[in-house]
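Enquirer: This structure is in structure tokens; I'll ask about it shortly.
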Amino acid sequence: MHTVDLKRLRLKPGARALDLGCGEGRHVHALYYGAEMHMVGLDLSFEDVVKVREGFATAPDMNPPKGRSFSLGVGNALHLPFADESFDLIVCSEVLEHIPDYGRALEEITRILKPGGQLAVSVPRFWPEWVCWKLASAYHLAPGGHVRIFKTRELREAVKANGFAHTGGHWAHGLHSPYWWLQCAVWESKETNWLVRQYHRFLCWDILKRPLLTRLLEKLADPLMGKSVVFYFDKQAEGRP
């Protein structure tokens with residue numbers, strides 16, 4: 001399940017890309033197999049990074065083309081362990097809503113991205129996220145949970161203030177919002193609730209099979225109730241204003 005649209009990314013041979021807050025590796029794996037470049041996955045959770053590595057082990061690249069490689073690490077978005085201007089592309093998907101000082105994380109992203117480099121950022125969309133917060137306070141109060149609800153303009157302008165040009169955006173996962181609302185509505189019993197479990201089965205089936213009907217339904221649902229908002233930016237060559 002990709003939140004960022006890989007077709008909108010400039011996947012150039014020989015480029016160096018970072019998935020910041022990679023989780024269990026959905027974008028790391030997709031980008032690695034999608035282009036001949038060096039892919040870096042970084043996350044605060046050691047356990048998640050291990051799962052990313054296990055994902056590569058279960059689908060090994062037996063004959064990788066020259067120039068395609070990956071590396072994984074554990075790190076903090078507020079103090080990234082990379083040199084200035086060392087990446088051509090950075091993906092930061094569903095991460096900033098977890099970070100109290102997200103402005104500092106944006107400064108670090110700006111520091112390590114090359115002038116002219118591309119940045120893709122996604123966060124939960126305001127109103128579907130607001131519904132989740134209203135239905136269950138535990139949804140965002142759990143350790144490591146969401147610490148803010150971003151307004152679309154707020155995030156876009158915060159990134160632009162670091163010397164980026166906004167190049168486009170879209171919503172994603174329109175079929176997923178009802179699943180999260182259901183979970184929040186029955187939070188204490190969400191693990192055993194029959195309706196939640198059936199909806200989860202449906203989403204897993206949809207992700208694996210990707211039938212035409214649900215692809216069309218999601219296209220219609222994304223602008224109305226997409227769970228995530230995704231932005232694309234280019235770092236201006238002259239740097240921060």
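To be explicit about the labels: the chains of the structure tokens are called A, B, and onward in the order shown, and within each one the residues are counted from 1, while ligands get numbers from 1 in the order they are shown.
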Would you list the contacts of Leu195 in chain A as a PDB file with N, CA and C atoms, in the first residue's frame, taking every protein, DNA or RNA residue within 12 Å and counting only C-alpha atoms, but skipping same-chain residues closer than 6 positions in sequence?
Expert:
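The result, written out as around_9.pdb:
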ATOM      1  N   PRO A 178     -13.156   4.917   6.600  1.00  0.00           N
ATOM      2  CA  PRO A 178     -14.195   4.233   7.378  1.00  0.00           C
ATOM      3  C   PRO A 178     -13.647   3.144   8.297  1.00  0.00           C
ATOM      4  N   TYR A 179     -12.571   2.500   7.882  1.00  0.00           N
ATOM      5  CA  TYR A 179     -11.973   1.476   8.730  1.00  0.00           C
ATOM      6  C   TYR A 179     -11.470   2.075  10.039  1.00  0.00           C
ATOM      7  N   TRP A 180     -10.804   3.227   9.946  1.00  0.00           N
ATOM      8  CA  TRP A 180     -10.284   3.870  11.152  1.00  0.00           C
ATOM      9  C   TRP A 180     -11.405   4.441  12.001  1.00  0.00           C
ATOM     10  N   TRP A 181     -12.456   4.935  11.376  1.00  0.00           N
ATOM     11  CA  TRP A 181     -13.603   5.416  12.147  1.00  0.00           C
ATOM     12  C   TRP A 181     -14.261   4.269  12.909  1.00  0.00           C
ATOM     13  N   LEU A 182     -14.382   3.128  12.248  1.00  0.00           N
ATOM     14  CA  LEU A 182     -14.948   1.956  12.913  1.00  0.00           C
ATOM     15  C   LEU A 182     -14.109   1.555  14.122  1.00  0.00           C
ATOM     16  N   GLN A 183     -12.790   1.516  13.932  1.00  0.00           N
ATOM     17  CA  GLN A 183     -11.907   1.166  15.047  1.00  0.00           C
ATOM     18  C   GLN A 183     -12.088   2.121  16.221  1.00  0.00           C
ATOM     19  N   ALA A 185     -14.646   3.987  16.927  1.00  0.00           N
ATOM     20  CA  ALA A 185     -15.982   3.905  17.508  1.00  0.00           C
ATOM     21  C   ALA A 185     -16.108   2.758  18.505  1.00  0.00           C
ATOM     22  N   VAL A 186     -15.308   1.700  18.310  1.00  0.00           N
ATOM     23  CA  VAL A 186     -15.364   0.534  19.216  1.00  0.00           C
ATOM     24  C   VAL A 186     -13.955   0.265  19.762  1.00  0.00           C
ATOM     25  N   SER A 189     -12.838  -2.672  21.990  1.00  0.00           N
ATOM     26  CA  SER A 189     -13.030  -4.028  21.466  1.00  0.00           C
ATOM     27  C   SER A 189     -12.620  -4.151  20.002  1.00  0.00           C
ATOM     28  N   ARG A 201     -10.212  -7.416   6.490  1.00  0.00           N
ATOM     29  CA  ARG A 201     -10.059  -8.462   5.471  1.00  0.00           C
ATOM     30  C   ARG A 201     -10.301  -7.890   4.078  1.00  0.00           C
ATOM     31  N   PHE A 202     -11.309  -7.032   3.975  1.00  0.00           N
ATOM     32  CA  PHE A 202     -11.609  -6.402   2.689  1.00  0.00           C
ATOM     33  C   PHE A 202     -10.434  -5.551   2.204  1.00  0.00           C
TER      34      PHE A 202
END
Enquirer: Give me the residues within 12 Å of range 60-67 of chain A as a PyMOL selection string, counting only C-alpha atoms and dropping any in the same chain fewer than 2 places off.
Expert: chain A and resi 12-16+29+32-39+53-58+69-70
Enquirer: If you count only C-alpha atoms, which residues fall within 8 Å of Arg156 in chain A, apart from same-chain ones fewer than 4 positions away, as a list in words?
Expert: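 Neighbouring residues, sequence-local ones excluded: Thr152, Lys160, His166 and Phe231 of chain A.
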Enquirer: My list of candidates is A:Glu94, A:Glu191, A:Glu108, A:Glu218. Which is closest to Pro124 in chain A when distances are computed with only C-alpha atoms?
Expert: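 Among the listed residues, the smallest separation from Pro124 in chain A belongs to A:Glu94.
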Enquirer: Measuring between only C-alpha atoms, which one of A:Phe233, A:Phe150, A:Trp127, A:Trp194 shows the shortest distance to Asn162 in chain A?
Expert: A:Phe233
Enquirer: Identify, with DSSP run on backbone atoms, the residues in range 168-226 of chain A assigned to alpha helix (DSSP H), and express the list as a short mmCIF file (atom, residue, chain, number, x, y, z; two decimals) with C-alpha atoms, in the first residue's frame.
Expert:
data_model
loop_
_atom_site.label_atom_id
_atom_site.label_comp_id
_atom_site.auth_asym_id
_atom_site.auth_seq_id
_atom_site.Cartn_x
_atom_site.Cartn_y
_atom_site.Cartn_z
CA SER A 177 -11.06 6.25 6.48
CA PRO A 178 -14.20 4.23 7.38
CA TYR A 179 -11.97 1.48 8.73
CA TRP A 180 -10.28 3.87 11.15
CA TRP A 181 -13.60 5.42 12.15
CA LEU A 182 -14.95 1.96 12.91
CA GLN A 183 -11.91 1.17 15.05
CA CYS A 184 -12.25 4.39 16.98
CA ALA A 185 -15.98 3.90 17.51
CA TRP A 194 -16.57 -8.56 13.83
CA LEU A 195 -17.21 -5.54 11.60
CA VAL A 196 -13.69 -4.17 12.10
CA ARG A 197 -12.20 -7.56 11.28
CA GLN A 198 -14.29 -7.94 8.13
CA TYR A 199 -13.36 -4.47 6.92
CA HIS A 200 -9.70 -5.29 7.55
CA ARG A 201 -10.06 -8.46 5.47
CA PHE A 202 -11.61 -6.40 2.69
CA LEU A 203 -8.73 -3.89 2.72
CA CYS A 204 -6.12 -6.65 2.67
CA TRP A 205 -7.90 -8.30 -0.25
CA ASP A 206 -8.09 -4.98 -2.07
CA ILE A 207 -4.38 -4.23 -1.55
CA LEU A 208 -3.33 -7.67 -2.80
CA LYS A 209 -5.78 -8.08 -5.69
CA LEU A 212 -10.79 -2.52 -11.12
CA LEU A 213 -14.02 -1.85 -9.20
CA THR A 214 -12.32 -0.89 -5.93
CA ARG A 215 -9.66 1.10 -7.79
CA LEU A 216 -12.45 3.18 -9.30
CA LEU A 217 -14.24 3.47 -5.95
CA GLU A 218 -11.07 4.69 -4.28
CA LYS A 219 -10.50 7.27 -7.01
CA LEU A 220 -13.98 8.62 -6.27
CA ALA A 221 -13.53 8.42 -2.49
CA ASP A 222 -10.07 10.00 -2.28
CA PRO A 223 -11.17 13.65 -2.81
CA LEU A 224 -14.13 13.17 -0.45
CA MET A 225 -12.60 11.29 2.46
#
Enquirer: Could you list, as a ChimeraX atom specification, every residue within 7 Å of Leu96 in chain A, counting only C-alpha atoms and ignoring same-chain residues fewer than 3 positions away?
Expert: /A:99,102,123
Enquirer: DSSP on the backbone, strand (DSSP E or B) only: what residues of range 137-167 of chain A does that give? Format it as a list in words.
Expert: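 The strand (DSSP E or B) subset of range 137-167 of chain A is Phe164, Ala165, His166 and Thr167 of chain A.
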Enquirer: Report, in Å to a single decimal, how far apart CA of Leu175 in chain A and CA of Pro211 in chain A are.
Expert: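 Taking CA of Pro211 in chain A and CA of Leu175 in chain A, their separation equals 13.4 Å.
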